[in-house]
>>> print(open('query_39.csv').read())   # CSV, C-alpha atoms
chain,number,residue,atom,x,y,z
A,1,MET,CA,0.0,0.0,0.0
A,2,TYR,CA,1.2,3.5,-0.9
A,3,TYR,CA,-0.4,6.7,0.4
A,4,GLN,CA,-0.8,10.1,-1.4
A,5,PRO,CA,-1.7,13.1,0.7
A,6,ARG,CA,-4.5,15.5,0.1
A,7,ILE,CA,-3.9,19.1,1.1
A,8,ASP,CA,-6.4,21.6,2.5
A,9,ILE,CA,-5.9,24.6,0.3
A,10,SER,CA,-6.9,27.2,3.0
A,11,THR,CA,-4.4,25.9,5.6
A,12,GLY,CA,-1.8,24.1,3.7
A,13,MET,CA,-2.2,21.1,6.0
A,14,THR,CA,-2.6,17.5,5.1
A,15,SER,CA,-6.3,16.7,5.4
A,16,SER,CA,-6.3,13.1,4.3
A,17,MET,CA,-4.4,10.5,2.4
A,18,GLU,CA,-5.5,8.2,-0.4
A,19,ALA,CA,-4.5,4.5,-0.2
A,20,LEU,CA,-3.2,3.3,-3.5
A,21,VAL,CA,-2.4,-0.4,-4.1
A,22,ARG,CA,0.7,-1.6,-5.9
A,23,TRP,CA,1.7,-5.1,-7.0
A,24,ALA,CA,5.2,-6.0,-5.7
A,25,HIS,CA,6.2,-8.4,-8.5
A,26,PRO,CA,9.1,-10.7,-7.6
A,27,THR,CA,11.0,-9.9,-10.9
A,28,LYS,CA,9.3,-6.9,-12.4
A,29,GLY,CA,9.2,-4.7,-9.3
A,30,LEU,CA,6.3,-2.5,-8.5
A,31,ILE,CA,3.5,-2.7,-11.0
A,32,SER,CA,0.9,0.1,-11.4
A,33,PRO,CA,-2.7,-0.7,-10.7
A,34,ALA,CA,-3.5,0.4,-14.3
A,35,ASP,CA,-1.8,-2.8,-15.4
A,36,PHE,CA,-3.6,-5.3,-13.1
A,37,ILE,CA,-6.8,-3.8,-11.8
A,38,PRO,CA,-8.7,-4.2,-15.1
A,39,LEU,CA,-7.8,-7.9,-15.2
A,40,ALA,CA,-8.8,-8.2,-11.5
A,41,GLU,CA,-12.1,-6.5,-12.4
A,42,GLU,CA,-12.8,-9.2,-15.0
A,43,THR,CA,-12.5,-11.9,-12.4
A,44,ASP,CA,-13.5,-12.4,-8.8
A,45,VAL,CA,-10.0,-11.4,-7.7
A,46,ILE,CA,-11.2,-7.8,-7.3
A,47,LEU,CA,-13.5,-8.8,-4.5
A,48,SER,CA,-10.8,-10.5,-2.4
A,49,LEU,CA,-8.3,-7.8,-3.3
A,50,GLY,CA,-10.6,-5.0,-2.2
A,51,GLU,CA,-11.2,-6.7,1.1
A,52,MET,CA,-7.5,-7.2,1.6
A,53,VAL,CA,-6.8,-3.5,0.9
A,54,ILE,CA,-9.4,-2.4,3.5
A,55,ASP,CA,-7.8,-4.7,6.1
A,56,LYS,CA,-4.2,-3.5,5.2
A,57,VAL,CA,-5.2,0.2,5.6
A,58,CYS,CA,-6.9,-0.4,8.9
A,59,ALA,CA,-3.8,-2.4,10.1
A,60,GLN,CA,-1.5,0.5,9.0
A,61,LEU,CA,-3.6,3.0,10.8
A,62,ALA,CA,-3.4,0.9,14.0
A,63,ASP,CA,0.4,0.7,13.6
A,64,TRP,CA,0.7,4.4,13.3
A,65,GLU,CA,-1.5,4.9,16.4
A,66,LYS,CA,0.6,2.4,18.4
A,67,ALA,CA,3.7,4.3,17.3
A,68,GLY,CA,2.3,7.5,18.9
A,69,LYS,CA,1.4,9.2,15.7
A,70,GLU,CA,-1.8,11.1,15.0
A,71,PRO,CA,-3.2,9.8,11.7
A,72,VAL,CA,-5.3,11.8,9.4
A,73,PRO,CA,-8.2,10.0,7.6
A,74,VAL,CA,-7.3,7.6,4.8
A,75,SER,CA,-9.5,7.2,1.8
A,76,ILE,CA,-10.0,3.7,0.2
A,77,ASN,CA,-11.1,3.2,-3.4
A,78,VAL,CA,-13.9,0.7,-3.7
A,79,SER,CA,-14.5,-0.9,-7.1
A,80,SER,CA,-18.0,-1.0,-8.6
A,81,ARG,CA,-18.0,-4.8,-8.3
A,82,GLN,CA,-17.0,-4.7,-4.7
A,83,PHE,CA,-19.6,-2.2,-3.9
A,84,ASN,CA,-22.4,-3.9,-5.7
A,85,GLU,CA,-21.6,-7.6,-5.1
A,86,THR,CA,-20.4,-7.6,-1.5
A,87,ASP,CA,-21.7,-6.3,1.8
A,88,ILE,CA,-19.1,-3.5,1.9
A,89,ALA,CA,-20.5,-2.0,5.2
A,90,LYS,CA,-20.1,-5.4,6.9
A,91,ILE,CA,-16.5,-5.8,5.6
A,92,LEU,CA,-15.6,-2.3,6.8
A,93,SER,CA,-17.2,-2.8,10.2
A,94,ALA,CA,-15.3,-6.1,10.7
A,95,SER,CA,-11.9,-4.6,9.8
A,96,LEU,CA,-12.5,-1.5,12.0
A,97,THR,CA,-13.4,-3.7,14.9
A,98,ARG,CA,-10.5,-6.1,14.4
A,99,HIS,CA,-7.9,-3.4,14.4
A,100,LYS,CA,-9.7,-1.1,16.9
A,101,ILE,CA,-9.8,1.9,14.4
A,102,ASP,CA,-12.2,4.8,14.7
A,103,ALA,CA,-14.5,4.8,11.7
A,104,ARG,CA,-13.8,8.6,11.2
A,105,LEU,CA,-10.3,7.6,10.1
A,106,ILE,CA,-11.7,5.9,7.0
A,107,GLU,CA,-13.2,7.5,3.9
A,108,ILE,CA,-14.6,5.6,0.9
A,109,GLU,CA,-14.1,6.6,-2.7
A,110,LEU,CA,-16.6,5.5,-5.3
A,111,THR,CA,-16.7,6.2,-9.0
A,112,GLU,CA,-19.9,7.4,-10.6
A,113,SER,CA,-20.2,4.1,-12.4
A,114,SER,CA,-20.4,2.3,-9.0
A,115,MET,CA,-23.7,4.0,-8.4
A,116,MET,CA,-25.5,3.0,-11.6
A,117,GLY,CA,-27.3,0.1,-10.1
A,118,ASP,CA,-30.7,-0.1,-8.3
A,119,SER,CA,-31.0,3.4,-6.7
A,120,GLN,CA,-32.6,2.1,-3.5
A,121,GLU,CA,-30.0,-0.6,-3.0
A,122,VAL,CA,-27.2,2.0,-3.6
A,123,ALA,CA,-28.8,4.4,-1.2
A,124,ARG,CA,-29.1,1.7,1.5
A,125,ALA,CA,-25.5,0.7,1.1
A,126,LEU,CA,-24.3,4.3,1.3
A,127,THR,CA,-26.5,5.0,4.3
A,128,ALA,CA,-25.1,2.0,6.2
A,129,ILE,CA,-21.6,3.2,5.5
A,130,ARG,CA,-22.3,6.8,6.6
A,131,ARG,CA,-24.0,5.7,9.8
A,132,MET,CA,-20.7,4.2,10.8
A,133,GLY,CA,-19.1,7.6,10.7
A,134,ILE,CA,-17.3,7.0,7.4
A,135,LYS,CA,-17.2,9.9,4.8
A,136,LEU,CA,-18.1,9.2,1.2
A,137,LEU,CA,-16.3,10.6,-1.8
A,138,VAL,CA,-17.3,10.7,-5.5
A,139,ASP,CA,-14.1,9.8,-7.3
A,140,ASP,CA,-13.1,10.9,-10.8
A,141,PHE,CA,-16.1,13.2,-11.1
A,142,GLY,CA,-16.8,14.2,-14.7
A,143,THR,CA,-16.0,10.9,-16.3
A,144,GLY,CA,-19.3,9.1,-15.5
A,145,TYR,CA,-23.0,9.8,-15.5
A,146,SER,CA,-24.0,11.3,-12.2
A,147,SER,CA,-26.9,13.7,-12.2
A,148,LEU,CA,-27.4,16.6,-9.8
A,149,ALA,CA,-30.4,14.9,-8.4
A,150,GLN,CA,-28.4,11.7,-7.7
A,151,LEU,CA,-25.6,13.6,-6.0
A,152,GLN,CA,-28.1,15.4,-3.8
A,153,ARG,CA,-30.0,12.3,-2.9
A,154,LEU,CA,-27.0,10.1,-2.1
A,155,ASP,CA,-25.6,12.8,0.2
A,156,PHE,CA,-21.8,12.6,-0.4
A,157,ASP,CA,-19.3,14.5,1.6
A,158,LEU,CA,-16.6,15.2,-1.0
A,159,LEU,CA,-16.3,15.4,-4.8
A,160,LYS,CA,-13.0,14.6,-6.4
A,161,VAL,CA,-12.8,16.2,-9.8
A,162,ASP,CA,-11.0,14.1,-12.4
A,163,GLN,CA,-7.5,15.1,-13.4
A,164,ALA,CA,-8.6,15.7,-17.0
A,165,PHE,CA,-10.3,18.9,-15.8
A,166,THR,CA,-7.3,19.9,-13.8
A,167,ALA,CA,-5.0,19.5,-16.8
A,168,ARG,CA,-7.2,22.0,-18.8
A,169,LEU,CA,-6.9,24.8,-16.3
A,170,GLU,CA,-3.7,26.3,-17.8
A,171,LYS,CA,-4.7,25.6,-21.4
A,172,THR,CA,-8.1,27.3,-22.0
A,173,LYS,CA,-10.3,29.8,-20.3
A,174,GLU,CA,-13.1,27.2,-20.6
A,175,GLY,CA,-11.0,25.0,-18.3
A,176,SER,CA,-11.5,27.4,-15.4
A,177,VAL,CA,-15.1,28.0,-16.3
A,178,PHE,CA,-15.9,24.3,-16.1
A,179,PHE,CA,-14.0,23.8,-12.8
A,180,LEU,CA,-15.8,26.9,-11.3
A,181,ALA,CA,-19.1,25.4,-12.3
A,182,ILE,CA,-18.3,22.1,-10.6
A,183,ILE,CA,-17.1,23.8,-7.4
A,184,THR,CA,-20.2,26.1,-7.2
A,185,MET,CA,-22.5,23.1,-7.7
A,186,ALA,CA,-20.7,21.0,-5.1
A,187,HIS,CA,-20.6,23.8,-2.5
A,188,ALA,CA,-24.4,24.4,-3.1
A,189,LEU,CA,-24.9,20.7,-2.3
A,190,GLY,CA,-22.8,20.9,0.9
A,191,MET,CA,-19.8,19.0,-0.6
A,192,ARG,CA,-16.1,19.8,-0.4
A,193,VAL,CA,-14.1,19.7,-3.7
A,194,VAL,CA,-10.8,17.9,-4.2
A,195,ALA,CA,-8.8,18.6,-7.4
A,196,GLU,CA,-7.0,15.5,-8.6
A,197,GLY,CA,-3.9,15.5,-10.7
A,198,VAL,CA,-2.4,18.8,-9.6
A,199,GLU,CA,1.0,18.9,-11.2
A,200,THR,CA,2.1,22.6,-11.4
A,201,GLU,CA,2.1,25.7,-9.2
A,202,ALA,CA,0.1,27.5,-11.8
A,203,GLN,CA,-2.7,24.9,-11.5
A,204,ALA,CA,-2.6,25.2,-7.7
A,205,GLU,CA,-2.8,29.0,-7.8
A,206,ILE,CA,-5.8,28.9,-10.2
A,207,LEU,CA,-7.6,26.3,-8.0
A,208,LYS,CA,-7.0,28.5,-4.9
A,209,ALA,CA,-8.5,31.5,-6.7
A,210,LEU,CA,-11.5,29.3,-7.7
A,211,GLN,CA,-12.0,28.4,-4.0
A,212,CYS,CA,-11.4,24.7,-4.5
A,213,ASP,CA,-11.1,23.1,-1.0
A,214,GLU,CA,-8.4,20.5,-1.4
A,215,LEU,CA,-5.5,19.5,-3.8
A,216,GLN,CA,-4.0,16.2,-4.6
A,217,GLY,CA,-1.3,15.3,-7.2
A,218,PHE,CA,2.4,15.1,-7.8
A,219,TYR,CA,2.9,18.9,-7.1
A,220,ILE,CA,1.8,18.2,-3.6
A,221,SER,CA,3.4,14.8,-3.1
A,222,MET,CA,4.1,11.5,-4.9
A,223,PRO,CA,2.4,8.4,-3.4
A,224,LEU,CA,4.6,7.3,-0.5
A,225,ALA,CA,5.3,3.9,1.0
A,226,PRO,CA,4.8,3.9,4.8
A,227,SER,CA,8.6,3.4,5.3
A,228,ASP,CA,9.1,6.7,3.3
A,229,MET,CA,6.8,8.7,5.5
A,230,GLU,CA,9.2,9.5,8.2
A,231,PRO,CA,8.8,12.0,9.8
A,232,PHE,CA,5.1,11.4,9.4
A,233,PRO,CA,4.0,14.1,6.9
A,234,LEU,CA,0.8,15.2,8.6
A,235,ARG,CA,1.5,18.9,8.8
A,236,ARG,CA,3.1,20.3,5.7
A,237,SER,CA,3.0,23.8,4.3
A,238,LEU,CA,1.5,24.1,0.9
A,239,PRO,CA,4.0,25.8,-1.4
A,240,LEU,CA,1.6,28.5,-2.6
A,241,THR,CA,2.2,32.2,-2.7
A,242,ALA,CA,0.1,34.3,-0.4
>>> encode(input="query_39.csv", output="structure tokens")
Amino acid sequence: MYYQPRIDISTGMTSSMEALVRWAHPTKGLISPADFIPLAEETDVILSLGEMVIDKVCAQLADWEKAGKEPVPVSINVSSRQFNETDIAKILSASLTRHKIDARLIEIELTESSMMGDSQEVARALTAIRRMGIKLLVDDFGTGYSSLAQLQRLDFDLLKVDQAFTARLEKTKEGSVFFLAIITMAHALGMRVVAEGVETEAQAEILKALQCDELQGFYISMPLAPSDMEPFPLRRSLPLTA
């Protein structure tokens, strides 16, 4: 597991970290999820892999707490198959109990495609997760088919805007217009906005001016292995001009 920080743009402090899975191949080294997750999605492997990731994250949070560190929440990506074909709330509850982790230290990221099933079943599953104290994030927003009514009804906490929108910020005026529209909509629905794929200071400055809430991307930090996170990077200044 690797962890990539999200930064609160108003304070410059780490607000959360996203858990990112890597395959440590014995001869090829670290393999990106882009190279193995699609295959896992085609099989039942994604279900056991998803459960293992949840358990590893909870175990890591427990280790940090035992070491006297003060963890920020960690967000976990849940695949559409895992969300729709397993009792994700039960899996989360079991892992939290096993490792004695406060549910508020876990966030769940779901893509828009994960929520395309039966609306009542989706709502029930999300409600069960939220009742545990876990925050819900819409991941890669802008690449799927969410409607405004659906976002309002499902009551998400954060909206992560796909990196494709971030990449357009410096290229065209329309890039900022689209991003501002998303931020305005999300804030009206009571959701915070995270910009994914922030790679330059110019992008960060534009997002700050647009009143985006949080930033994530290589400009902030590369994904880090737990062994590389010493001292624990919970309070880091955001390199933005005033």
>>> atom_distance(input="query_39.csv", atom1="atom CA of Leu210 of chain A", atom2="atom CA of Asn77 of chain A")
26.5 Å
>>> atom_distance(input="query_39.csv", atom1="atom CA of Ser10 of chain A", atom2="atom CA of Gln203 of chain A")
15.3 Å
>>> residues_around(input="query_39.csv", residues="Val193 of chain A", least_positions_apart="5", cutoff="9 Å", atoms="only C-alpha atoms", output="PyMOL selection string")
chain A and resi 158-161+182-183+186-187+211-215
>>> atom_distance(input="query_39.csv", atom1="atom CA of Leu189 of chain A", atom2="atom CA of Asp155 of chain A")
8.3 Å
>>> residues_around(input="query_39.csv", residues="Val72 of chain A", least_positions_apart="5", cutoff="9 Å", atoms="all atoms listed in the file", output="list in words")
Thr14, Ser15, Ser16, Met17, Leu105 and Leu234 of chain A
>>> closest_residue(input="query_39.csv", among="A:Ser75, A:Thr97, A:Ser32, A:Thr184", to="Leu137 of chain A", atoms="all atoms listed in the file")
A:Ser75
>>> closest_residue(input="query_39.csv", among="A:Ser227, A:Val57, A:Gln120, A:Ala19", to="Pro33 of chain A", atoms="only C-alpha atoms")
A:Ala19
>>> residues_near_point(input="query_39.csv", point="(-18.4, -4.9, -7.9)", cutoff="8 Å", atoms="only C-alpha atoms", output="list in words")
Glu41, Ile46, Leu47, Ser79, Ser80, Arg81, Gln82, Phe83, Asn84, Glu85, Thr86 and Ser114 of chain A
>>> closest_residue(input="query_39.csv", among="A:Asp35, A:Asp87, A:Glu51, A:Asp140", to="Glu109 of chain A", atoms="all atoms listed in the file")
A:Asp140
>>> closest_residue(input="query_39.csv", among="A:Ile206, A:Leu92, A:Ala34, A:Arg6", to="Met52 of chain A", atoms="all atoms listed in the file")
A:Leu92
>>> closest_residue(input="query_39.csv", among="A:Ile31, A:Asp162, A:Pro73, A:Ala59", to="Gln4 of chain A", atoms="all atoms listed in the file")
A:Pro73
>>> closest_residue(input="query_39.csv", among="A:Met185, A:Ala204, A:Leu136, A:Leu224", to="Leu169 of chain A", atoms="all atoms listed in the file")
A:Ala204
>>> decode(input="query_39.csv", residues="segment 18-59 of chain A", atoms="C-alpha atoms", output="mmCIF file, in the first residue's frame")
data_model
loop_
_atom_site.group_PDB
_atom_site.id
_atom_site.type_symbol
_atom_site.label_atom_id
_atom_site.label_comp_id
_atom_site.auth_asym_id
_atom_site.auth_seq_id
_atom_site.Cartn_x
_atom_site.Cartn_y
_atom_site.Cartn_z
ATOM 1 C CA GLU A 18 -5.521 8.201 -0.420
ATOM 2 C CA ALA A 19 -4.529 4.541 -0.158
ATOM 3 C CA LEU A 20 -3.151 3.272 -3.469
ATOM 4 C CA VAL A 21 -2.433 -0.385 -4.116
ATOM 5 C CA ARG A 22 0.707 -1.587 -5.906
ATOM 6 C CA TRP A 23 1.679 -5.104 -6.982
ATOM 7 C CA ALA A 24 5.174 -5.981 -5.744
ATOM 8 C CA HIS A 25 6.155 -8.433 -8.507
ATOM 9 C CA PRO A 26 9.141 -10.679 -7.645
ATOM 10 C CA THR A 27 10.987 -9.922 -10.894
ATOM 11 C CA LYS A 28 9.309 -6.857 -12.449
ATOM 12 C CA GLY A 29 9.219 -4.730 -9.309
ATOM 13 C CA LEU A 30 6.276 -2.458 -8.519
ATOM 14 C CA ILE A 31 3.454 -2.745 -11.034
ATOM 15 C CA SER A 32 0.924 0.069 -11.422
ATOM 16 C CA PRO A 33 -2.740 -0.706 -10.707
ATOM 17 C CA ALA A 34 -3.526 0.410 -14.267
ATOM 18 C CA ASP A 35 -1.768 -2.772 -15.388
ATOM 19 C CA PHE A 36 -3.557 -5.256 -13.136
ATOM 20 C CA ILE A 37 -6.820 -3.781 -11.786
ATOM 21 C CA PRO A 38 -8.670 -4.163 -15.141
ATOM 22 C CA LEU A 39 -7.824 -7.876 -15.158
ATOM 23 C CA ALA A 40 -8.839 -8.198 -11.513
ATOM 24 C CA GLU A 41 -12.143 -6.503 -12.379
ATOM 25 C CA GLU A 42 -12.841 -9.185 -14.988
ATOM 26 C CA THR A 43 -12.504 -11.902 -12.370
ATOM 27 C CA ASP A 44 -13.541 -12.415 -8.757
ATOM 28 C CA VAL A 45 -10.023 -11.428 -7.698
ATOM 29 C CA ILE A 46 -11.151 -7.803 -7.333
ATOM 30 C CA LEU A 47 -13.474 -8.823 -4.490
ATOM 31 C CA SER A 48 -10.785 -10.467 -2.369
ATOM 32 C CA LEU A 49 -8.258 -7.784 -3.334
ATOM 33 C CA GLY A 50 -10.628 -5.032 -2.239
ATOM 34 C CA GLU A 51 -11.214 -6.708 1.115
ATOM 35 C CA MET A 52 -7.477 -7.159 1.602
ATOM 36 C CA VAL A 53 -6.839 -3.467 0.883
ATOM 37 C CA ILE A 54 -9.380 -2.403 3.505
ATOM 38 C CA ASP A 55 -7.752 -4.654 6.076
ATOM 39 C CA LYS A 56 -4.228 -3.483 5.225
ATOM 40 C CA VAL A 57 -5.223 0.174 5.568
ATOM 41 C CA CYS A 58 -6.871 -0.425 8.946
ATOM 42 C CA ALA A 59 -3.809 -2.369 10.100
#
